[in-house]
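Q: One structure is given below, represented as structure tokens, and several questions about it will come after.
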Amino acid sequence: MDYLLHIAILTAMFATLSLSLNLVAGYTGLLSVAHAAFYGIGAYTAALMAQELHSQFLLNLVAAGALGGLIGVIVGVPLLRVRDDYFVMATFAFQIIALGIMNNWTAVTGGPLGMSGVPRPVILGWTVSTQWGYLGLAGGLCLGVYFVMRRMVRSPFGRVLKAIREDEVFAQSLGKNVAHVKILTFAIGAGFAGMVGAMYAQYSSFIDPSSFTVMESIFIRSIVIIGGAGSLRGPIVGAVVLVTLPEILRFVGLPSSVAANVRQMLYGGLLVVFMLWRPQGLLGEYAFEKGSATG
Amino acid sequence: MNANLLEIEGLNKRFDGVKALADFSCSIREGEIVGLIGPNGAGKTTLFNVLTGFLGTESGDAMFRGQSLLHRRPHVIAETGVARTFQNLRLIRRMTVLENVLLCRKHQPGERLCDVFLRWRTIARWEAENQAGALSILASVGLEEKAPDLAENLSYGQQKLLSIACCLATGAELLLLDEPVAGIAPEMREHILSIIMGLPGRGRTVILIEHDLDAVSKVCSRVIFMDSGTKICEGTPQDVRSDPRVIEAYVD
């Protein structure tokens with residue numbers, strides 16, 4: 001049972017990460033591969049706060065989100081000066097730099113050894129210690145982010161996001177401040193990723209840079225693509241599929257050394273299959289191959 | 001009524017040594033429909049791009065209602081009341097016709113993120129008003145029945161008409177229309193021309209680029225013929241069409 005709950009908690013966290021990336025990539029068309037960096041920034045923020053200050057979980061969550069969002073603005077301003085493929089490369093570079101800092105700023109992050117013994121979440125004197133409690137937190141965060149996203153994308157603001165994704169020049173010619181909206185969206189996505197980081201750090205109680213690599217960013221993007229970019233529920237469906245599917249492999253009886261490789265092959269294979277036959281994903285309306293090619 | 005809405009003075013723009021605009025000057029009065037004609041590469045679209053902030057210039061100035069349009073970002077210029085269509089037709093194809101027009105309306109509180117969360121009731125009400133406004137604009141150009149259709153499912157002519165409706169929806173006073181009737185079936189062409197002729201009556205001023213001289217003669221009160229980035233001549237459609245330099249350019 002604990003194992004199933006663990007899978008459910010992971011699914012909820014990856015669904016939240018993908019929901020936040022979907023705002024950036026699926027709705028606004030900014031194909032960032034730096035999402036795991038913001039996820040990591042949030043994780044280290046919350047881990048440090050919990051360890052050094054013994055602060056409340058909700059405070060850590062807000063601080064992780066705020067710092068993620070702030071760094072999102074700081075790196076978003078220069079990154080968003082370039083477009084399309086160049087933007088992807090620029091976010092890739094930021095992802096590498098962020099990982100480099102996590103690995104080498106040993107005094108703060110513990111370097112490659114990471115941080116262990118991150119305290120469990122404390123909410124007004126109640127310490128979360130059961131899997132059910134964690135599922136409540138992760139599920140609650142996921143639901144909260146889902147409703148925030150829903151309000152945003154269904155509003156006139158969401159219409160502007162889609163317009164930027166489809167035709168930036170047209171949006172500008174109508175008087176929309178495209179640069180401003182892009183930075184705002186990028187920062188919001190980064191902030192929510194930071195919040196999931198806080199959740200993850202205090203759930204697993206151990207974090208190290210290997211959880212925040214570019215592979216992780218690509219994994220989150222795969223969830224968005226396979227679930228359906230630009231659809232509200234797509235990322236949730238994508239997270240369920242991509243988090244649970246590899247777990248099923250455990251029961252096929254493959255030796256663990258092979259299973260890890262088979263997992264990667266499965267992700268790669270799924271991505272290729274979807275790009276070829278269903279570029280809009282399971283529930284999506286926006287096909288990456290068409291959308292990203294037009295200026 | 002006859003104050004100059006737009007005053008262009010000595011605009012210069014070159015691309016790798018080629019002069020796209022060479023000391024181009026003209027003035028546009030309020031309520032006019034001015035046709036901009038000339039051979040390909042004469043600098044007509046370049047002029048539109050400069051006026052709407054998509055291109056910079058080396059020298060000269062363009063004053064709209066006494067404010068310079070130069071050195072401003074495109075969205076700021078759109079805010080001051082200059083809207084344009086594009087030669088290669090820009091619309092959000094995977095949105096409905098109605099959504100396209102809604103998108104174009106200006107000063108929408110629902111586009112400000114803090115309002116989306118803090119004043120969502122107000123926004124819902126505003127969005128309803130916005131929708132009524134958008135539908136009346138669509139009705140005024142005869143596209144109201146197409147409101148729920150995706151823009152990509154419209155005919156080419158209807159898409160061009162929609163792009164004009166979008167310009168109207170921004171509330172801009174000065175509309176820059178880049179080839180509004182090029183490549184369109186005769187019936188739709190006449191319809192679009194009649195819409196354009198009605199624009200001054202709605203308080204709009206129009207500059208349009210068009211190769212079709214008959215269309216230009218029909219709707220424009222004044223025509224400017226440009227070549228190699230400069231104004232060669234201007235006047236009533238009849239005068240300009242009988243100018244030998246224009247005849248030479250258009251007979252081939």
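Residues in the structure tokens are named by chain (A, B, ... in the order shown) and by number from 1 within that chain; ligands are numbered from 1 in the order shown.
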Using only C-alpha atoms, find the residues of chain A whose closest atom to chain B is at most 7 Å away, then write them as a list of chain:residue names.
A: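 Residues satisfying the distance criterion: A:Met152, A:Ser155, A:Pro156, A:Phe157, A:Arg159, A:Val160, A:Ala163, A:Glu166, A:Asp167, A:Phe170, A:Gln172, A:Ser173, A:Leu174, A:Gly175, A:Lys176, A:Asn177.
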Q: Quick check for you: according to DSSP on this backbone, which residues of segment 146-251 of chain B are classed as helix (DSSP H, G or I)? Reply as a VMD selection string.
A: chain B and resid 146 151 to 153 156 to 169 186 to 197 200 to 202 213 to 219 237 to 242 244 to 250
Q: Find the residues near Ala147 of chain B: any atom within 9 Å, counting only C-alpha atoms, skip ones fewer than 6 places away on the same chain, and give them as number ranges by chain.
A: B: 96-99, 135, 138
Q: How would the residues just chosen look if you wrote them out with C-alpha atoms as a PDB file, in the first residue's frame?
A:
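Written output follows (out.pdb):
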ATOM      1  CA  THR B  96     -12.636  31.349 -33.476  1.00  0.00           C
ATOM      2  CA  VAL B  97     -13.567  34.447 -35.435  1.00  0.00           C
ATOM      3  CA  LEU B  98     -15.173  35.906 -32.316  1.00  0.00           C
ATOM      4  CA  GLU B  99     -12.092  35.215 -30.181  1.00  0.00           C
ATOM      5  CA  LEU B 135     -20.313  40.804 -32.243  1.00  0.00           C
ATOM      6  CA  LEU B 138     -18.556  41.430 -36.835  1.00  0.00           C
TER       7      LEU B 138
END
Q: Taking into account only C-alpha atoms, which residue in the set B:Ile224, B:Leu199, B:Leu70, B:Val101 is nearest to Ala151 of chain B?
A: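 The answer is B:Val101, which sits nearest to Ala151 of chain B.
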Q: Which of these residues is nearest to His54 of chain A, using only C-alpha atoms: A:Ile41, A:Ile123, A:Val214, A:Val77?
A: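 Of all the options, A:Ile123 lies closest to His54 of chain A.
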Q: For atom CA of Ala187 of chain A and atom CA of Ala15 of chain A, determine how far apart the two atoms are, in Å to one decimal place.
A: 18.3 Å
Q: Can you tell me how far atom CA of Val223 of chain B sits from atom CA of Asn12 of chain B, in Å to one decimal?
A: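 Straight-line distance from atom CA of Val223 of chain B to atom CA of Asn12 of chain B works out to 20.8 Å.
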Q: Kindly give the distance, in Å, that separates atom CA of Leu242 of chain A and atom CA of Gly42 of chain A, rounded to a single decimal.
A: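 These atoms are spaced 22.8 Å apart.
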Q: Determine, counting only C-alpha atoms, which protein, DNA and RNA residues have an atom within 6 Å of an atom of Ala37 of chain A; residues of the same chain fewer than 6 positions away are not included. Present the result as a list in words.
A: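 Selected residues are Gln95, Ala98 and Phe212 of chain A.
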Q: I'd like to know which residues of segment 11-238 of chain B are strand (DSSP E or B) (by DSSP, run on the backbone); could you write them as a PyMOL selection string?
A: chain B and resi 11-15+18-29+33-37+59-64+67-68+82-84+96+150+174-178+205-209+222-227+230-235
Q: Which residue is closest to Asn49 of chain B? Choose from B:Leu69, B:Val216, B:Gly235, B:Leu193 and count only C-alpha atoms.
A: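 Of the candidates, the smallest distance to Asn49 of chain B is held by B:Leu69.
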